[in-house]
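Enquirer: Submitted below is the structure of interest, expressed as structure tokens.
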Amino acid sequence: MFRLFKQKVSWWFLVIGIIVAAGAVWQATRFTYDVEMESVVETGEERLTLYTGALESVLNRMENLPYVMAHNDAVARLLIHQDNLEQLNRDLESLNYWAGTKFLYVMDAVGEVVASSTWRDPVKLIGKNYAFRPYFTAAKEGQQGHYFAIGLETNQPGLYMSHGIYREGRFLGVVVVKANLDPLIDDWREGGETVLISDANGVIILSSRAEWAFKTLTPLDAGKRELIRSERQYSNQSLEQAPLQIGKNLEEGGRLVRAAGQSYLMISQLNPQLDWTLSYFAPLKQVHQRTQAVTTIGTILALLILALGMYIRERYQKKLSRKKLKEAETIKEVNLRLQEKVEEHRRTEQALRDAQAELVQSSKLAALGQMAAGIVHELNQPISAMRTYAASGRLLLDRKESDKVHETFASVERITDHMASITAQLKTFAYKAPKLRKPVVVQECIDGALAMTGPLLSEAGVSLHKQIPDEPVVVSGDRGRIEQVLVNLIRNAVDAMRECENRDLNIQILAHEQEAEIIIEDSGTGIVEKNLEELFNPFFTTKEVGEGLGLGLSISYRIVTDLGGTIHAMNNPGLGARFIAQLPLLRVEETDEKVKQ
């Protein structure tokens, strides 16, 4: 016992050591990951702030240009009097150069370009109508227009900023500035960093990676695609989804993204004025490398601890095995014999219990009771002797007195042979009741029981009263076993009324929602209160010696419980006793189904 305890302790120390080491590795890995991620988030937010500031600087520098041009008298004069076009084109060309924009142009009230800084270029804008563009509609409604699109004539992307031209409350046209954001992309690429800007629909309009331009972060639905097509916003671009795997949001901030086999933390910030989202991709390669390094080192340490523990345990096991080998040869044969005898005794005991529980035939009950009583008396003494020999054998084993141990087990063998001869007679009573339950009509069971006990009732002068419904009451069980219970209860009732002047036997059937009740009442002397709890115990009887063995109610109790029911007894308020057996009730549909089966 002590050795077994030591072995278990060594195993527990090994397991605990592994758990502690694994926990330490996990904690170290998690701590490293958290620290590195915090650093990445902090650095990413700083870079994002820097790029956001650069974008806002460019936008602020060009934001007022459409407003100033809209209030220029030369622009209004062109729209009102249709003169000075050549001079205005030159002025727009010069302003475009110094402002660093892509181009500027003036549209009349119907959206047609009447003057442009590109008047010298081969691709002419003058005469083109862009009234369908949202920036024209916004300016016409008195709003500042902002719209990113690919030019229909130049096929160059850019941000269109517009402002309406009004004189004396009259709408004359729109001034449009196409901002040049290419320097922003150049700065991103020179820094070797991954940055992009996406619009409200998730379309990437600016990116340090040229292959991502005019692709989407998430798939576009049909409605958004139709709107973009009608506005001709991105010309003939297919707007496929970018090769990005966007993961979950992190508590630290940002979202995990995989692109081109690399992991990034995408940190984003919204520009509410343009409804753009600027996203910075912070690489996570260093995070993974450092986390992997900590995990590898920790795993190596854990494996070393495991190997050391297994080495120590192996040495201990070898030492213990050598010691046990000597003892095993001595007690192997003894244990084998003891095990056989114990198993034989167990089978004998099980045979006795099965015989007592399952023999319900009335013709064998008396013989079974007498035989069981005798066997119990005969087995008490050998069992006591076996206990004494078992204790002596254990003591002799501890003392290593092998010769005396053999003598002890020889005595046990003789005792068990004697016990086997006592119980062998029970085999003739080993009737096994069927376990299959079928639909049984309770009225038919009562008729069968009364047919068997009719002569007894007539001889005893018993008046029979039945309260039985016309509708069949069907339960799940075995008709023969239920009739056996009823026969036992009727016989007990007759015996209880033999000394009474009035002998009335009442049998009643009640059908409830889930169970059926069979009630048997007599007009006898009733049951002594203290005997109610022992009434269903085997061999309990209040009859004279030789008149009963006390097995009838015990067997009835076993049958009812085997069928999933209950049985109990009580005294009537007046005279006599009442026995109530409750059995599971079958509904009509269940009865039909079982009959079909």
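Ligands are numbered from 1 in the order shown, residues from 1 within each chain, and chains are lettered A, B, ... in the order they appear in the structure tokens.
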Pull the alpha helix (DSSP H) assignments for range 128-294 of chain A out of DSSP run on the backbone, and list those residues as a ChimeraX atom specification.

Expert: /A:134-140,182-190,222-231,285-294

Enquirer: Enumerate the residues of range 15-166 of chain A with a DSSP assignment of strand (DSSP E or B), computed from the backbone, and present them as a ChimeraX atom specification.

Expert: /A:103-108,112-116,129,145-150,157-166

Enquirer: Those residues you just picked out, can you put them in a file as a short mmCIF file (atom, residue, chain, number, x, y, z; two decimals), in the first residue's frame with N, CA and C atoms?

Expert:
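Okay, selection.cif is ready:
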data_model
loop_
_atom_site.label_atom_id
_atom_site.label_comp_id
_atom_site.auth_asym_id
_atom_site.auth_seq_id
_atom_site.Cartn_x
_atom_site.Cartn_y
_atom_site.Cartn_z
N PHE A 103 -5.47 69.45 -62.76
CA PHE A 103 -6.04 70.43 -63.68
C PHE A 103 -7.22 71.12 -63.01
N LEU A 104 -7.63 72.26 -63.65
CA LEU A 104 -8.77 73.03 -63.19
C LEU A 104 -9.66 73.30 -64.40
N TYR A 105 -10.96 73.35 -64.15
CA TYR A 105 -11.83 73.74 -65.26
C TYR A 105 -13.11 74.35 -64.71
N VAL A 106 -13.81 75.06 -65.65
CA VAL A 106 -15.05 75.76 -65.30
C VAL A 106 -16.17 75.14 -66.12
N MET A 107 -17.29 74.83 -65.45
CA MET A 107 -18.48 74.26 -66.10
C MET A 107 -19.60 75.28 -66.05
N ASP A 108 -20.43 75.28 -67.10
CA ASP A 108 -21.57 76.19 -67.09
C ASP A 108 -22.73 75.57 -66.31
N GLU A 112 -21.46 71.66 -68.79
CA GLU A 112 -20.51 71.57 -69.90
C GLU A 112 -19.26 72.39 -69.57
N VAL A 113 -18.07 71.82 -69.86
CA VAL A 113 -16.81 72.49 -69.57
C VAL A 113 -16.61 73.61 -70.60
N VAL A 114 -16.42 74.84 -70.10
CA VAL A 114 -16.26 75.99 -71.00
C VAL A 114 -14.86 76.55 -70.95
N ALA A 115 -14.08 76.24 -69.91
CA ALA A 115 -12.70 76.70 -69.80
C ALA A 115 -11.93 75.67 -69.00
N SER A 116 -10.59 75.49 -69.36
CA SER A 116 -9.82 74.45 -68.69
C SER A 116 -8.34 74.78 -68.75
N ASN A 129 -19.39 67.26 -71.18
CA ASN A 129 -20.44 67.50 -70.18
C ASN A 129 -20.31 66.47 -69.07
N GLY A 145 -18.24 70.27 -53.08
CA GLY A 145 -18.20 68.94 -53.66
C GLY A 145 -16.85 68.27 -53.48
N HIS A 146 -16.87 66.98 -53.09
CA HIS A 146 -15.67 66.14 -52.98
C HIS A 146 -16.00 64.80 -53.62
N TYR A 147 -15.18 64.38 -54.57
CA TYR A 147 -15.50 63.14 -55.28
C TYR A 147 -14.22 62.59 -55.88
N PHE A 148 -13.88 61.34 -55.49
CA PHE A 148 -12.70 60.69 -56.06
C PHE A 148 -13.15 59.80 -57.20
N ALA A 149 -12.49 59.96 -58.35
CA ALA A 149 -12.88 59.17 -59.52
C ALA A 149 -11.72 59.12 -60.50
N ILE A 150 -11.89 58.25 -61.50
CA ILE A 150 -10.93 58.16 -62.61
C ILE A 150 -11.46 59.02 -63.75
N PRO A 157 -6.69 58.87 -62.02
CA PRO A 157 -7.49 59.04 -60.80
C PRO A 157 -7.13 60.33 -60.08
N GLY A 158 -8.07 60.85 -59.32
CA GLY A 158 -7.82 62.06 -58.56
C GLY A 158 -9.04 62.47 -57.77
N LEU A 159 -8.83 63.44 -56.86
CA LEU A 159 -9.91 63.95 -56.03
C LEU A 159 -10.46 65.22 -56.67
N TYR A 160 -11.74 65.19 -57.02
CA TYR A 160 -12.40 66.35 -57.60
C TYR A 160 -13.04 67.15 -56.48
N MET A 161 -12.67 68.45 -56.39
CA MET A 161 -13.26 69.37 -55.41
C MET A 161 -13.95 70.48 -56.19
N SER A 162 -15.17 70.81 -55.83
CA SER A 162 -15.96 71.75 -56.63
C SER A 162 -16.63 72.79 -55.74
N HIS A 163 -17.01 73.91 -56.40
CA HIS A 163 -17.74 74.97 -55.70
C HIS A 163 -18.64 75.65 -56.73
N GLY A 164 -19.85 75.97 -56.33
CA GLY A 164 -20.79 76.60 -57.24
C GLY A 164 -20.49 78.09 -57.46
N ILE A 165 -20.82 78.58 -58.67
CA ILE A 165 -20.61 79.99 -59.02
C ILE A 165 -21.98 80.66 -59.04
N TYR A 166 -22.16 81.61 -58.16
CA TYR A 166 -23.44 82.32 -58.04
C TYR A 166 -23.19 83.83 -58.16
#

Enquirer: Find, counting only C-alpha atoms, the residue in A:Leu585, A:Ile80, A:Leu125, A:Leu284 that gets nearest to Val441 in chain A.

Expert: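 Checking each candidate against Val441 in chain A, we get A:Leu585 as the closest.
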
Enquirer: Kindly give the distance, in Å, that separates CA of Pro283 in chain A and CA of Leu184 in chain A, rounded to a single decimal.

Expert: 20.3 Å

Enquirer: Using only C-alpha atoms, which protein or nucleic acid residues come within 9 Å of Ser208 in chain A? Drop anything in the same chain fewer than 5 positions from it, and give the result as a ChimeraX atom specification.

Expert: /A:184-189,192-196,213

Enquirer: Using N, CA and C atoms, can you export the residues from the last selection as an mmCIF file, in the first residue's frame?

Expert:
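again.cif was written with the following content:
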data_model
loop_
_atom_site.group_PDB
_atom_site.id
_atom_site.type_symbol
_atom_site.label_atom_id
_atom_site.label_comp_id
_atom_site.auth_asym_id
_atom_site.auth_seq_id
_atom_site.Cartn_x
_atom_site.Cartn_y
_atom_site.Cartn_z
ATOM 1 N N LEU A 184 1.575 61.826 -52.122
ATOM 2 C CA LEU A 184 1.332 61.038 -50.905
ATOM 3 C C LEU A 184 1.745 59.588 -51.117
ATOM 4 N N ILE A 185 1.345 59.032 -52.258
ATOM 5 C CA ILE A 185 1.686 57.634 -52.549
ATOM 6 C C ILE A 185 3.195 57.475 -52.661
ATOM 7 N N ASP A 186 3.860 58.452 -53.286
ATOM 8 C CA ASP A 186 5.318 58.388 -53.413
ATOM 9 C C ASP A 186 5.980 58.372 -52.040
ATOM 10 N N ASP A 187 5.483 59.190 -51.119
ATOM 11 C CA ASP A 187 6.044 59.205 -49.761
ATOM 12 C C ASP A 187 5.844 57.853 -49.069
ATOM 13 N N TRP A 188 4.675 57.244 -49.247
ATOM 14 C CA TRP A 188 4.420 55.935 -48.621
ATOM 15 C C TRP A 188 5.400 54.886 -49.154
ATOM 16 N N ARG A 189 5.593 54.904 -50.466
ATOM 17 C CA ARG A 189 6.464 53.894 -51.074
ATOM 18 C C ARG A 189 7.919 54.108 -50.703
ATOM 19 N N GLY A 192 8.782 52.536 -47.572
ATOM 20 C CA GLY A 192 8.717 51.080 -47.547
ATOM 21 C C GLY A 192 7.578 50.542 -46.702
ATOM 22 N N GLU A 193 6.519 51.332 -46.545
ATOM 23 C CA GLU A 193 5.419 50.919 -45.678
ATOM 24 C C GLU A 193 4.155 50.689 -46.505
ATOM 25 N N THR A 194 3.250 49.924 -45.912
ATOM 26 C CA THR A 194 1.995 49.588 -46.582
ATOM 27 C C THR A 194 0.889 50.477 -46.028
ATOM 28 N N VAL A 195 0.366 51.369 -46.882
ATOM 29 C CA VAL A 195 -0.677 52.311 -46.489
ATOM 30 C C VAL A 195 -1.710 52.340 -47.613
ATOM 31 N N LEU A 196 -2.958 52.497 -47.264
ATOM 32 C CA LEU A 196 -3.992 52.622 -48.282
ATOM 33 C C LEU A 196 -5.120 53.512 -47.771
ATOM 34 N N ALA A 213 -4.709 48.906 -56.000
ATOM 35 C CA ALA A 213 -5.524 50.063 -56.366
ATOM 36 C C ALA A 213 -6.781 49.626 -57.109
#

Enquirer: Measuring atom to atom with only C-alpha atoms, identify which of A:Arg346, A:Arg209, A:Arg120, A:Lys178 is nearest to Asn96 in chain A.

Expert: A:Lys178

Enquirer: Give me the residues within 8 Å of Phe136 in chain A as a list in words, counting only C-alpha atoms and dropping any in the same chain fewer than 2 places off.

Expert: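 Residues meeting the cut-off are Gly111, Tyr130, Ala131, Phe132, Arg133, Pro134, Ala138, Ala139, Lys140, Gly145, Ser162 and Val174 of chain A.
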
Enquirer: Please list as a list in words every residue within 9 Å of Met62 in chain A, counting only C-alpha atoms and excluding residues in the same chain fewer than 3 positions away.

Expert: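 Listing them by chain and then by number gives Ser57, Val58, Leu59, Leu65, Pro66, Ala99, Thr101, Met161, Val177 and Ala179 of chain A.
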
Enquirer: To one decimal place in Å, what is the distance between CA of Ser117 in chain A and CA of Leu92 in chain A?

Expert: 4.7 Å

Enquirer: Determine the nearest neighbour of Asn155 in chain A from the options A:Ser235, A:Gln273, A:Gln508, A:Gln350, counting only C-alpha atoms.

Expert: A:Ser235

Enquirer: Please list as a list in words every residue within 6 Å of Lys215 in chain A, counting only C-alpha atoms and excluding residues in the same chain fewer than 6 positions away.

Expert: Val203, Ile204, Leu239, Glu240, Gln241 and Ala242 of chain A

Enquirer: Convert the current residue selection to file output with N, CA and C atoms, as a compact mmCIF listing (two decimals), in the first residue's frame.

Expert:
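Okay, this is what ended up in selection_37.txt:
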# COMPACT_ATOMS: atom_id res chain seq x y z
N VAL A 203 -13.76 50.61 -51.50
CA VAL A 203 -12.89 50.55 -52.67
C VAL A 203 -11.56 51.24 -52.33
N ILE A 204 -10.46 50.55 -52.60
CA ILE A 204 -9.13 51.12 -52.34
C ILE A 204 -8.83 52.12 -53.45
N LEU A 239 -13.11 46.15 -60.08
CA LEU A 239 -13.40 46.24 -58.64
C LEU A 239 -13.45 44.87 -57.99
N GLU A 240 -12.44 44.04 -58.28
CA GLU A 240 -12.35 42.74 -57.62
C GLU A 240 -11.88 42.91 -56.18
N GLN A 241 -12.05 41.88 -55.41
CA GLN A 241 -11.61 41.94 -54.01
C GLN A 241 -10.10 41.83 -53.94
N ALA A 242 -9.50 42.67 -53.12
CA ALA A 242 -8.05 42.67 -52.96
C ALA A 242 -7.59 41.37 -52.32

Enquirer: Identify which of the residues A:Val473, A:Leu464, A:Met37, A:Ala293 lies closest to Asn506 in chain A, counting only C-alpha atoms when measuring atom-to-atom distances.

Expert: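 Counting only C-alpha atoms, the residue closest to Asn506 in chain A is A:Leu464.
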
Enquirer: What does the distance between CA of Cys445 in chain A and CA of Val560 in chain A come to in Å, to one decimal place?

Expert: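 Atom-to-atom, CA of Cys445 in chain A to CA of Val560 in chain A, that is 13.7 Å.
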
Enquirer: Within 6 Å of range 26-34 of chain A, counting only C-alpha atoms, which residues qualify if same-chain residues fewer than 5 places away don't, as an MDAnalysis selection string?

Expert: chainID A and resid 291 294:295

Enquirer: How would the residues just picked look written out with N, CA and C atoms as a short mmCIF file (atom, residue, chain, number, x, y, z; two decimals), in the first residue's frame?

Expert:
data_model
loop_
_atom_site.label_atom_id
_atom_site.label_comp_id
_atom_site.auth_asym_id
_atom_site.auth_seq_id
_atom_site.Cartn_x
_atom_site.Cartn_y
_atom_site.Cartn_z
N THR A 291 7.77 35.90 -30.27
CA THR A 291 6.87 34.98 -29.57
C THR A 291 7.27 33.54 -29.81
N VAL A 294 10.32 32.63 -27.69
CA VAL A 294 9.98 32.35 -26.29
C VAL A 294 9.29 30.99 -26.17
N THR A 295 8.40 30.68 -27.10
CA THR A 295 7.70 29.39 -27.07
C THR A 295 8.68 28.23 -27.25
#
